[in-house]
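A.B. asks: This is the structure I have questions about; it appears just below.
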Amino acid sequence: MNICYKPCFATPSPALKYRPLSMLMLDCWQREYDKRPYRHFKFEVLNFENRYQRPYDPVQDLSIIIKFIKTRSLISVKLVGIQILPNNNNELLDTFIESLKNLRHIELTMMQLPLEFFELLVCNVEKMKIKELNLQGTFLTDEDISCLRSFLIKSRTIQYLNVSSCDLNQFNFAILADGIYKSSSLMAFNANRLLGKDLSLDSEKIVHTLASLLWQNKLQKIEMEKCEFMAHDMEILAEYLCNASSSLLHLNVAYNKIGPDGAYHLLKAIALSGTLKYLNMNGCGLGSHGAQHIAKYLSSCARLESLLLQFNHMESEDVSMILLTIKKPIKLNELALWGNKYNTRTGSILRRLIESQVLPQDAIDITYTSDDTIPGWRVIPWRN
């Protein structure tokens with residue numbers, strides 16, 4: 001019997017047809033992440049390309065997105081990873097600005113925006129109702145910053161600006177700070193991850209600029225992570241924070257090398273003024289000495305509601321010392337201590353505080369559990 005073997009070849013998969021983006025598809029996607037009355041819209045390029053199995057078209061797809069924003073009654077828009085081509089698409093750019101006029105919250109994250117966008121933003125500032133502008137991860141040139149400064153000065157509605165990880169340096173930050181100072185409505189800004197450009201970052205000049213903004217007594221929220229601040233910079237900042245009439249409520253200086261001395265200056269000023277509600281000092285290298293300053297001044301910070309101290313190289317005795325300062329129900333509704341060291345004594349103190357309801361479990365990011373391998377209680381992370 002003769003057996004004939006035929007070679008097997010993989011059958012080529014049929015070529016996928018081009019699927020145009022439609023208003024109906026954007027409506028369907030909006031119902032996945034939003035609720036009635038569907039006032040919030042978001043579009044992420046990576047998510048789109050995974051679903052549609054084709055590259056994003058910066059002209060055709062953007063036209064549909066703009067049409068959707070313009071024809072829907074939206075409050076907020078979040079766009080991630082979109083590229084807007086310069087020069088040859090002025091009509092499309094005009095339509096895009098037109099679609100943003102009635103929005104309260106605009107988030108343009110990790111986008112490529114031409115200078116013409118910011119120029120049109122300034123020209124239409126009086127017609128816009130924007131309260132929050134988030135440009136996180138979007139590259140900004142010196143010309144973009146100058147236009148953004150003009151926008152802040154002319155706008156009567158902008159209250160929050162986020163320019164974190166936008167390649168800001170110590171030179172164009174001064175231009176932006178001038179716009180923040182002259183703005184009549186801005187109350188909060190986020191400038192995480194400042195760069196030094198060709199030179200090392202001059203943190204002293206940055207903190208003096210920041211202090212002048214605080215002296216104006218208008219800002220309520222400042223976030224400046226990873227800006228290479230040192231302990232002496234916090235001493236300059238503390239001079240303005242100790243004012244009892246200070247309007248600042250939220251301060252984030254996480255992942256700066258302020259050390260225990262920087263923590264001392266900040267906590268002493270907060271205890272004197274009694275105004276700050278939120279303080280983030282994650283990853284600031286506080287160590288044992290910093291923990292002693294926290295334990296000394298924590299009970300004097302009357303209005304402090306959130307204190308974040310994760311990854312600060314604190315020993316188990318230091319964490320126990322901080323917990324022991326909490327003697328009665330306090331206003332703290334957020335205390336973050338994960339990323340430091342603990343022992344069974346820390347677990348016992350934590351158990352006593354939580355079971356006596358002096359410190360609610362939802363207010364702290366660590367908890368206790370029994371462990372047969374060790375005598376006493378083990379400290380583990382707590383996730384709300």
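Just remember, in the structure tokens the first chain shown is A, the second B, etc., residues are 1-based per chain, and ligands are 1-based in the order shown.
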Output as JSON lines one row per residue of stretch 220-320 of chain A within 12 Å of stretch 173-185 of chain A: the closest atom pair and its distance in Å to one decimal place, counting only C-alpha atoms, sorted by chain and residue number ascending.
C.D. replies:
```
{"residue": "A:Gln220", "atom": "CA", "partner": "A:Ser185", "partner_atom": "CA", "distance": 11.4}
{"residue": "A:Ile222", "atom": "CA", "partner": "A:Ile180", "partner_atom": "CA", "distance": 11.6}
{"residue": "A:Met224", "atom": "CA", "partner": "A:Phe173", "partner_atom": "CA", "distance": 11.9}
{"residue": "A:Cys227", "atom": "CA", "partner": "A:Phe173", "partner_atom": "CA", "distance": 11.7}
```
A.B. asks: With stretch 155-163 of chain A as the partner and 9 Å as the cut-off, tabulate the residues of stretch 177-222 of chain A that qualify, each row holding the nearest pair of atoms and their distance in Å to one decimal, using only C-alpha atoms, sorted by chain and rising number, as a Markdown table.
C.D. replies:
```
| residue | atom | partner | partner_atom | distance |
| --- | --- | --- | --- | --- |
| A:Ser183 | CA | A:Ser155 | CA | 7.4 |
| A:Ser184 | CA | A:Arg156 | CA | 6.5 |
| A:Ser185 | CA | A:Gln159 | CA | 5.6 |
| A:Leu186 | CA | A:Gln159 | CA | 4.0 |
| A:Met187 | CA | A:Gln159 | CA | 5.2 |
| A:Ala188 | CA | A:Tyr160 | CA | 4.8 |
| A:Phe189 | CA | A:Leu161 | CA | 4.7 |
| A:Asn190 | CA | A:Asn162 | CA | 4.5 |
| A:Ala191 | CA | A:Val163 | CA | 5.2 |
| A:Asn192 | CA | A:Val163 | CA | 7.3 |
| A:Lys221 | CA | A:Tyr160 | CA | 8.8 |
```
A.B. asks: Keeping only C-alpha atoms, take the residues you just selected and write them out as a PDB file, in the first residue's frame.
C.D. replies:
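New file result-v7.pdb:
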```pdb
ATOM      1  CA  SER A 183      -2.995  84.321  37.846  1.00  0.00           C
ATOM      2  CA  SER A 184      -6.143  85.531  39.569  1.00  0.00           C
ATOM      3  CA  SER A 185      -7.753  82.108  39.975  1.00  0.00           C
ATOM      4  CA  LEU A 186      -5.081  79.373  40.210  1.00  0.00           C
ATOM      5  CA  MET A 187      -5.082  77.615  43.602  1.00  0.00           C
ATOM      6  CA  ALA A 188      -3.078  74.426  42.982  1.00  0.00           C
ATOM      7  CA  PHE A 189      -0.293  73.164  40.739  1.00  0.00           C
ATOM      8  CA  ASN A 190       1.782  70.032  40.220  1.00  0.00           C
ATOM      9  CA  ALA A 191       5.360  70.386  38.941  1.00  0.00           C
ATOM     10  CA  ASN A 192       6.851  66.982  39.778  1.00  0.00           C
ATOM     11  CA  LYS A 221      -1.991  72.781  46.979  1.00  0.00           C
TER      12      LYS A 221
END
```
A.B. asks: Distance atom CA of A:Phe139-atom CA of A:Phe117, one decimal place?
C.D. replies: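 Atom-to-atom, atom CA of A:Phe139 to atom CA of A:Phe117, that is 13.0 Å.
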A.B. asks: I'd like the neighbourhood of A:Ser273 as a list of chain:residue names, where a residue qualifies if any of its atoms comes within 6 Å (using only C-alpha atoms), though same-chain residues fewer than 5 positions away should be ignored.
C.D. replies: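 Contacts, in chain order: A:Cys242, A:Asn243, A:Ala244.
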A.B. asks: List every residue of stretch 182-251 of chain A that DSSP, applied to the backbone of this structure, places in strand (DSSP E or B), and write the result as a list in words.
C.D. replies: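 The strand (DSSP E or B) subset of stretch 182-251 of chain A is Ala188, Phe189, Asn190, Leu195, Lys221, Ile222, Glu223, Met230, His250 and Leu251 of chain A.
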A.B. asks: Those selected residues, please, written with N, CA and C atoms and delivered as a compact mmCIF listing (two decimals), in the first residue's frame.
C.D. replies:
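The file below, selection17.txt, is the result:
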```txt
# COMPACT_ATOMS: atom_id res chain seq x y z
N ALA A 188 -3.87 75.64 42.79
CA ALA A 188 -3.08 74.43 42.98
C ALA A 188 -2.28 74.13 41.72
N PHE A 189 -1.07 73.59 41.90
CA PHE A 189 -0.29 73.16 40.74
C PHE A 189 0.60 71.98 41.11
N ASN A 190 0.94 71.21 40.08
CA ASN A 190 1.78 70.03 40.22
C ASN A 190 2.94 70.18 39.25
N LEU A 195 13.84 69.27 35.92
CA LEU A 195 15.16 68.89 35.42
C LEU A 195 16.11 70.08 35.51
N LYS A 221 -2.55 74.11 47.22
CA LYS A 221 -1.99 72.78 46.98
C LYS A 221 -0.75 72.90 46.11
N ILE A 222 0.36 72.29 46.58
CA ILE A 222 1.62 72.27 45.84
C ILE A 222 2.17 70.85 45.85
N GLU A 223 2.52 70.34 44.67
CA GLU A 223 3.13 69.01 44.55
C GLU A 223 4.42 69.15 43.76
N MET A 230 16.82 69.77 49.10
CA MET A 230 17.66 69.36 50.21
C MET A 230 17.08 69.91 51.51
N HIS A 250 -2.12 71.55 51.26
CA HIS A 250 -1.62 70.28 50.70
C HIS A 250 -0.20 70.50 50.20
N LEU A 251 0.76 69.74 50.75
CA LEU A 251 2.17 69.85 50.35
C LEU A 251 2.74 68.47 50.09
```
A.B. asks: Any idea what's packed within 7 Å of stretch 72-74 of chain A, counting only C-alpha atoms, ignoring anything in its chain fewer than 6 positions away? Could you give it as JSON, numbers by chain?
C.D. replies: {"A": [39, 40, 103]}
A.B. asks: Please, could you write that set of residues out with N, CA and C atoms as a PDB file, in the first residue's frame?
C.D. replies:
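So selection12.pdb came out as:
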```
ATOM      1  N   ARG A  39     -21.042  62.111  31.318  1.00  0.00           N
ATOM      2  CA  ARG A  39     -20.449  63.441  31.149  1.00  0.00           C
ATOM      3  C   ARG A  39     -18.924  63.395  31.100  1.00  0.00           C
ATOM      4  N   HIS A  40     -18.344  62.199  31.202  1.00  0.00           N
ATOM      5  CA  HIS A  40     -16.885  62.069  31.231  1.00  0.00           C
ATOM      6  C   HIS A  40     -16.430  61.168  30.080  1.00  0.00           C
ATOM      7  N   LEU A 103     -15.619  72.582  28.437  1.00  0.00           N
ATOM      8  CA  LEU A 103     -15.193  71.554  29.381  1.00  0.00           C
ATOM      9  C   LEU A 103     -14.633  72.183  30.650  1.00  0.00           C
TER      10      LEU A 103
END
```
A.B. asks: Would you kindly return, as a PDB file with all heavy atoms, in the first residue's frame, each protein, DNA or RNA residue with an atom no farther than 12 Å from any atom of A:Trp29, considering only C-alpha atoms and excluding same-chain residues fewer than 2 positions away?
C.D. replies:
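The result, written out as selection11.pdb:
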```pdb
ATOM      1  N   LEU A  21     -13.002  54.324  12.852  1.00  0.00           N
ATOM      2  CA  LEU A  21     -13.575  54.652  14.150  1.00  0.00           C
ATOM      3  C   LEU A  21     -14.898  55.379  13.938  1.00  0.00           C
ATOM      4  O   LEU A  21     -15.036  56.193  13.021  1.00  0.00           O
ATOM      5  CB  LEU A  21     -12.609  55.547  14.930  1.00  0.00           C
ATOM      6  CG  LEU A  21     -13.004  55.916  16.356  1.00  0.00           C
ATOM      7  CD1 LEU A  21     -13.090  54.682  17.233  1.00  0.00           C
ATOM      8  CD2 LEU A  21     -12.006  56.907  16.947  1.00  0.00           C
ATOM      9  N   SER A  22     -15.868  55.084  14.785  1.00  0.00           N
ATOM     10  CA  SER A  22     -17.199  55.661  14.622  1.00  0.00           C
ATOM     11  C   SER A  22     -17.681  56.275  15.932  1.00  0.00           C
ATOM     12  O   SER A  22     -17.209  55.931  17.015  1.00  0.00           O
ATOM     13  CB  SER A  22     -18.195  54.603  14.143  1.00  0.00           C
ATOM     14  OG  SER A  22     -18.357  53.598  15.125  1.00  0.00           O
ATOM     15  N   MET A  23     -18.667  57.166  15.824  1.00  0.00           N
ATOM     16  CA  MET A  23     -19.296  57.775  16.994  1.00  0.00           C
ATOM     17  C   MET A  23     -19.992  56.711  17.843  1.00  0.00           C
ATOM     18  O   MET A  23     -19.977  56.779  19.073  1.00  0.00           O
ATOM     19  CB  MET A  23     -20.304  58.830  16.542  1.00  0.00           C
ATOM     20  CG  MET A  23     -19.714  59.949  15.715  1.00  0.00           C
ATOM     21  SD  MET A  23     -19.047  61.262  16.721  1.00  0.00           S
ATOM     22  CE  MET A  23     -20.571  62.027  17.266  1.00  0.00           C
ATOM     23  N   LEU A  24     -20.580  55.742  17.183  1.00  0.00           N
ATOM     24  CA  LEU A  24     -21.286  54.679  17.903  1.00  0.00           C
ATOM     25  C   LEU A  24     -20.318  53.884  18.771  1.00  0.00           C
ATOM     26  O   LEU A  24     -20.632  53.533  19.918  1.00  0.00           O
ATOM     27  CB  LEU A  24     -21.999  53.758  16.904  1.00  0.00           C
ATOM     28  CG  LEU A  24     -22.731  52.551  17.504  1.00  0.00           C
ATOM     29  CD1 LEU A  24     -23.828  53.007  18.462  1.00  0.00           C
ATOM     30  CD2 LEU A  24     -23.304  51.674  16.402  1.00  0.00           C
ATOM     31  N   MET A  25     -19.121  53.594  18.229  1.00  0.00           N
ATOM     32  CA  MET A  25     -18.135  52.842  18.999  1.00  0.00           C
ATOM     33  C   MET A  25     -17.664  53.638  20.216  1.00  0.00           C
ATOM     34  O   MET A  25     -17.524  53.088  21.318  1.00  0.00           O
ATOM     35  CB  MET A  25     -16.943  52.498  18.112  1.00  0.00           C
ATOM     36  CG  MET A  25     -15.923  51.604  18.802  1.00  0.00           C
ATOM     37  SD  MET A  25     -16.632  50.028  19.333  1.00  0.00           S
ATOM     38  CE  MET A  25     -16.936  49.260  17.737  1.00  0.00           C
ATOM     39  N   LEU A  26     -17.467  54.934  20.069  1.00  0.00           N
ATOM     40  CA  LEU A  26     -17.068  55.765  21.204  1.00  0.00           C
ATOM     41  C   LEU A  26     -18.176  55.828  22.248  1.00  0.00           C
ATOM     42  O   LEU A  26     -17.900  55.848  23.458  1.00  0.00           O
ATOM     43  CB  LEU A  26     -16.721  57.172  20.720  1.00  0.00           C
ATOM     44  CG  LEU A  26     -15.460  57.299  19.859  1.00  0.00           C
ATOM     45  CD1 LEU A  26     -15.269  58.733  19.410  1.00  0.00           C
ATOM     46  CD2 LEU A  26     -14.227  56.813  20.602  1.00  0.00           C
ATOM     47  N   ASP A  27     -19.418  55.841  21.806  1.00  0.00           N
ATOM     48  CA  ASP A  27     -20.549  55.794  22.738  1.00  0.00           C
ATOM     49  C   ASP A  27     -20.553  54.486  23.530  1.00  0.00           C
ATOM     50  O   ASP A  27     -20.782  54.480  24.744  1.00  0.00           O
ATOM     51  CB  ASP A  27     -21.869  55.938  21.976  1.00  0.00           C
ATOM     52  CG  ASP A  27     -22.298  57.388  21.840  1.00  0.00           C
ATOM     53  OD1 ASP A  27     -22.113  58.153  22.801  1.00  0.00           O
ATOM     54  OD2 ASP A  27     -22.803  57.753  20.766  1.00  0.00           O
ATOM     55  N   ARG A  31     -19.803  53.853  27.824  1.00  0.00           N
ATOM     56  CA  ARG A  31     -20.701  53.169  28.753  1.00  0.00           C
ATOM     57  C   ARG A  31     -19.993  52.089  29.565  1.00  0.00           C
ATOM     58  O   ARG A  31     -20.547  51.580  30.542  1.00  0.00           O
ATOM     59  CB  ARG A  31     -21.886  52.574  27.996  1.00  0.00           C
ATOM     60  CG  ARG A  31     -22.968  53.610  27.728  1.00  0.00           C
ATOM     61  CD  ARG A  31     -23.770  53.338  26.467  1.00  0.00           C
ATOM     62  NE  ARG A  31     -24.792  54.368  26.279  1.00  0.00           N
ATOM     63  CZ  ARG A  31     -24.553  55.600  25.843  1.00  0.00           C
ATOM     64  NH1 ARG A  31     -23.315  55.965  25.568  1.00  0.00           N
ATOM     65  NH2 ARG A  31     -25.534  56.468  25.691  1.00  0.00           N
ATOM     66  N   GLU A  32     -18.757  51.762  29.178  1.00  0.00           N
ATOM     67  CA  GLU A  32     -17.973  50.784  29.933  1.00  0.00           C
ATOM     68  C   GLU A  32     -17.346  51.411  31.179  1.00  0.00           C
ATOM     69  O   GLU A  32     -17.189  50.739  32.193  1.00  0.00           O
ATOM     70  CB  GLU A  32     -16.874  50.195  29.045  1.00  0.00           C
ATOM     71  CG  GLU A  32     -17.398  49.325  27.904  1.00  0.00           C
ATOM     72  CD  GLU A  32     -16.268  48.779  27.062  1.00  0.00           C
ATOM     73  OE1 GLU A  32     -15.086  49.033  27.416  1.00  0.00           O
ATOM     74  OE2 GLU A  32     -16.543  48.105  26.053  1.00  0.00           O
ATOM     75  N   TYR A  33     -16.942  52.680  31.096  1.00  0.00           N
ATOM     76  CA  TYR A  33     -16.219  53.298  32.210  1.00  0.00           C
ATOM     77  C   TYR A  33     -16.974  54.452  32.859  1.00  0.00           C
ATOM     78  O   TYR A  33     -16.551  54.941  33.902  1.00  0.00           O
ATOM     79  CB  TYR A  33     -14.850  53.807  31.734  1.00  0.00           C
ATOM     80  CG  TYR A  33     -14.898  54.781  30.581  1.00  0.00           C
ATOM     81  CD1 TYR A  33     -15.207  56.123  30.772  1.00  0.00           C
ATOM     82  CD2 TYR A  33     -14.622  54.359  29.282  1.00  0.00           C
ATOM     83  CE1 TYR A  33     -15.249  57.015  29.719  1.00  0.00           C
ATOM     84  CE2 TYR A  33     -14.667  55.244  28.209  1.00  0.00           C
ATOM     85  CZ  TYR A  33     -14.976  56.566  28.440  1.00  0.00           C
ATOM     86  OH  TYR A  33     -15.022  57.445  27.387  1.00  0.00           O
ATOM     87  N   ASP A  34     -18.068  54.899  32.283  1.00  0.00           N
ATOM     88  CA  ASP A  34     -18.802  56.027  32.823  1.00  0.00           C
ATOM     89  C   ASP A  34     -20.227  55.616  33.178  1.00  0.00           C
ATOM     90  O   ASP A  34     -20.690  54.548  32.787  1.00  0.00           O
ATOM     91  CB  ASP A  34     -18.824  57.172  31.803  1.00  0.00           C
ATOM     92  CG  ASP A  34     -19.163  58.508  32.441  1.00  0.00           C
ATOM     93  OD1 ASP A  34     -19.205  58.574  33.684  1.00  0.00           O
ATOM     94  OD2 ASP A  34     -19.380  59.485  31.701  1.00  0.00           O
ATOM     95  N   LYS A  35     -20.877  56.450  33.934  1.00  0.00           N
ATOM     96  CA  LYS A  35     -22.268  56.210  34.324  1.00  0.00           C
ATOM     97  C   LYS A  35     -23.125  57.369  33.850  1.00  0.00           C
ATOM     98  O   LYS A  35     -22.625  58.428  33.472  1.00  0.00           O
ATOM     99  CB  LYS A  35     -22.371  56.063  35.853  1.00  0.00           C
ATOM    100  CG  LYS A  35     -21.612  54.879  36.404  1.00  0.00           C
ATOM    101  CD  LYS A  35     -21.743  54.805  37.926  1.00  0.00           C
ATOM    102  CE  LYS A  35     -20.967  53.628  38.490  1.00  0.00           C
ATOM    103  NZ  LYS A  35     -21.074  53.558  39.973  1.00  0.00           N
ATOM    104  N   TYR A  38     -23.374  60.260  31.604  1.00  0.00           N
ATOM    105  CA  TYR A  38     -22.267  60.146  30.653  1.00  0.00           C
ATOM    106  C   TYR A  38     -21.666  61.508  30.309  1.00  0.00           C
ATOM    107  O   TYR A  38     -21.725  61.978  29.179  1.00  0.00           O
ATOM    108  CB  TYR A  38     -22.739  59.430  29.375  1.00  0.00           C
ATOM    109  CG  TYR A  38     -23.371  58.093  29.641  1.00  0.00           C
ATOM    110  CD1 TYR A  38     -24.719  57.872  29.380  1.00  0.00           C
ATOM    111  CD2 TYR A  38     -22.630  57.045  30.172  1.00  0.00           C
ATOM    112  CE1 TYR A  38     -25.311  56.652  29.640  1.00  0.00           C
ATOM    113  CE2 TYR A  38     -23.206  55.815  30.432  1.00  0.00           C
ATOM    114  CZ  TYR A  38     -24.550  55.625  30.170  1.00  0.00           C
ATOM    115  OH  TYR A  38     -25.135  54.413  30.440  1.00  0.00           O
ATOM    116  N   HIS A  40     -18.344  62.199  31.202  1.00  0.00           N
ATOM    117  CA  HIS A  40     -16.885  62.069  31.231  1.00  0.00           C
ATOM    118  C   HIS A  40     -16.430  61.168  30.080  1.00  0.00           C
ATOM    119  O   HIS A  40     -16.960  60.068  29.905  1.00  0.00           O
ATOM    120  CB  HIS A  40     -16.415  61.496  32.562  1.00  0.00           C
ATOM    121  CG  HIS A  40     -16.945  62.229  33.750  1.00  0.00           C
ATOM    122  ND1 HIS A  40     -16.387  63.399  34.222  1.00  0.00           N
ATOM    123  CD2 HIS A  40     -18.007  61.973  34.561  1.00  0.00           C
ATOM    124  CE1 HIS A  40     -17.063  63.823  35.265  1.00  0.00           C
ATOM    125  NE2 HIS A  40     -18.050  62.978  35.489  1.00  0.00           N
ATOM    126  N   PHE A  41     -15.435  61.620  29.340  1.00  0.00           N
ATOM    127  CA  PHE A  41     -14.953  60.879  28.168  1.00  0.00           C
ATOM    128  C   PHE A  41     -13.445  60.691  28.258  1.00  0.00           C
ATOM    129  O   PHE A  41     -12.714  61.607  28.684  1.00  0.00           O
ATOM    130  CB  PHE A  41     -15.300  61.641  26.888  1.00  0.00           C
ATOM    131  CG  PHE A  41     -14.673  61.061  25.651  1.00  0.00           C
ATOM    132  CD1 PHE A  41     -15.116  59.859  25.128  1.00  0.00           C
ATOM    133  CD2 PHE A  41     -13.625  61.725  25.007  1.00  0.00           C
ATOM    134  CE1 PHE A  41     -14.529  59.322  23.984  1.00  0.00           C
ATOM    135  CE2 PHE A  41     -13.036  61.194  23.868  1.00  0.00           C
ATOM    136  CZ  PHE A  41     -13.497  59.997  23.358  1.00  0.00           C
ATOM    137  N   LYS A  42     -12.974  59.518  27.870  1.00  0.00           N
ATOM    138  CA  LYS A  42     -11.533  59.284  27.806  1.00  0.00           C
ATOM    139  C   LYS A  42     -11.196  58.426  26.592  1.00  0.00           C
ATOM    140  O   LYS A  42     -12.009  57.571  26.168  1.00  0.00           O
ATOM    141  CB  LYS A  42     -11.016  58.619  29.089  1.00  0.00           C
ATOM    142  CG  LYS A  42     -11.506  57.205  29.331  1.00  0.00           C
ATOM    143  CD  LYS A  42     -10.894  56.654  30.620  1.00  0.00           C
ATOM    144  CE  LYS A  42     -11.352  55.218  30.888  1.00  0.00           C
ATOM    145  NZ  LYS A  42     -10.774  54.690  32.138  1.00  0.00           N
ATOM    146  N   PHE A  43     -10.009  58.659  26.056  1.00  0.00           N
ATOM    147  CA  PHE A  43      -9.544  57.910  24.885  1.00  0.00           C
ATOM    148  C   PHE A  43      -8.052  57.683  25.035  1.00  0.00           C
ATOM    149  O   PHE A  43      -7.283  58.644  25.176  1.00  0.00           O
ATOM    150  CB  PHE A  43      -9.835  58.680  23.597  1.00  0.00           C
ATOM    151  CG  PHE A  43      -9.413  57.950  22.351  1.00  0.00           C
ATOM    152  CD1 PHE A  43     -10.295  57.083  21.717  1.00  0.00           C
ATOM    153  CD2 PHE A  43      -8.142  58.122  21.816  1.00  0.00           C
ATOM    154  CE1 PHE A  43      -9.918  56.409  20.566  1.00  0.00           C
ATOM    155  CE2 PHE A  43      -7.756  57.446  20.674  1.00  0.00           C
ATOM    156  CZ  PHE A  43      -8.647  56.590  20.044  1.00  0.00           C
ATOM    157  N   GLU A  44      -7.644  56.413  25.008  1.00  0.00           N
ATOM    158  CA  GLU A  44      -6.235  56.039  25.132  1.00  0.00           C
ATOM    159  C   GLU A  44      -5.804  55.325  23.855  1.00  0.00           C
ATOM    160  O   GLU A  44      -6.438  54.358  23.428  1.00  0.00           O
ATOM    161  CB  GLU A  44      -6.019  55.138  26.347  1.00  0.00           C
ATOM    162  CG  GLU A  44      -6.422  55.791  27.664  1.00  0.00           C
ATOM    163  CD  GLU A  44      -6.219  54.872  28.848  1.00  0.00           C
ATOM    164  OE1 GLU A  44      -5.691  53.757  28.643  1.00  0.00           O
ATOM    165  OE2 GLU A  44      -6.588  55.269  29.968  1.00  0.00           O
ATOM    166  N   ASN A  47      -4.984  51.472  24.138  1.00  0.00           N
ATOM    167  CA  ASN A  47      -6.212  50.688  24.278  1.00  0.00           C
ATOM    168  C   ASN A  47      -6.955  50.601  22.946  1.00  0.00           C
ATOM    169  O   ASN A  47      -7.489  49.553  22.571  1.00  0.00           O
ATOM    170  CB  ASN A  47      -7.102  51.321  25.344  1.00  0.00           C
ATOM    171  CG  ASN A  47      -8.340  50.500  25.622  1.00  0.00           C
ATOM    172  OD1 ASN A  47      -8.331  49.286  25.530  1.00  0.00           O
ATOM    173  ND2 ASN A  47      -9.429  51.173  25.962  1.00  0.00           N
ATOM    174  N   PHE A  48      -6.985  51.712  22.212  1.00  0.00           N
ATOM    175  CA  PHE A  48      -7.633  51.731  20.895  1.00  0.00           C
ATOM    176  C   PHE A  48      -6.942  50.770  19.938  1.00  0.00           C
ATOM    177  O   PHE A  48      -7.594  49.994  19.227  1.00  0.00           O
ATOM    178  CB  PHE A  48      -7.617  53.158  20.339  1.00  0.00           C
ATOM    179  CG  PHE A  48      -7.907  53.240  18.876  1.00  0.00           C
ATOM    180  CD1 PHE A  48      -9.215  53.187  18.405  1.00  0.00           C
ATOM    181  CD2 PHE A  48      -6.875  53.377  17.955  1.00  0.00           C
ATOM    182  CE1 PHE A  48      -9.489  53.253  17.048  1.00  0.00           C
ATOM    183  CE2 PHE A  48      -7.138  53.446  16.600  1.00  0.00           C
ATOM    184  CZ  PHE A  48      -8.447  53.389  16.143  1.00  0.00           C
ATOM    185  N   ARG A  51      -7.671  47.119  20.643  1.00  0.00           N
ATOM    186  CA  ARG A  51      -9.030  46.715  20.303  1.00  0.00           C
ATOM    187  C   ARG A  51      -9.256  46.667  18.791  1.00  0.00           C
ATOM    188  O   ARG A  51      -9.908  45.760  18.284  1.00  0.00           O
ATOM    189  CB  ARG A  51     -10.037  47.677  20.942  1.00  0.00           C
ATOM    190  CG  ARG A  51     -10.164  47.536  22.452  1.00  0.00           C
ATOM    191  CD  ARG A  51     -11.343  48.315  22.947  1.00  0.00           C
ATOM    192  NE  ARG A  51     -11.631  47.998  24.355  1.00  0.00           N
ATOM    193  CZ  ARG A  51     -12.799  48.196  24.933  1.00  0.00           C
ATOM    194  NH1 ARG A  51     -13.808  48.690  24.227  1.00  0.00           N
ATOM    195  NH2 ARG A  51     -12.989  47.901  26.200  1.00  0.00           N
TER     196      ARG A  51
END
```
A.B. asks: I'd like the neighbourhood of A:Gly274 as number ranges by chain, where a residue qualifies if any of its atoms comes within 7 Å (using only C-alpha atoms), though same-chain residues fewer than 6 positions away should be ignored.
C.D. replies: A: 244, 301-303
A.B. asks: Keeping C-alpha atoms for every residue in the selection just given, could you write it to a file as an mmCIF file, in the first residue's frame?
C.D. replies:
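As written to disk, out_38.cif reads:
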```
data_model
loop_
_atom_site.group_PDB
_atom_site.id
_atom_site.type_symbol
_atom_site.label_atom_id
_atom_site.label_comp_id
_atom_site.auth_asym_id
_atom_site.auth_seq_id
_atom_site.Cartn_x
_atom_site.Cartn_y
_atom_site.Cartn_z
ATOM 1 C CA ALA A 244 -0.897 81.086 60.973
ATOM 2 C CA CYS A 301 -0.150 69.316 64.151
ATOM 3 C CA ALA A 302 -3.782 69.962 64.993
ATOM 4 C CA ARG A 303 -5.296 70.001 61.497
#
```
A.B. asks: With a distance cut-off of 12 Å and only C-alpha atoms, select the neighbouring residues of A:Leu46, excluding the residue or stretch itself and same-chain residues fewer than 2 positions from it, and output the selection as number ranges by chain.
C.D. replies: A: 43-44, 48-56, 79-82, 110
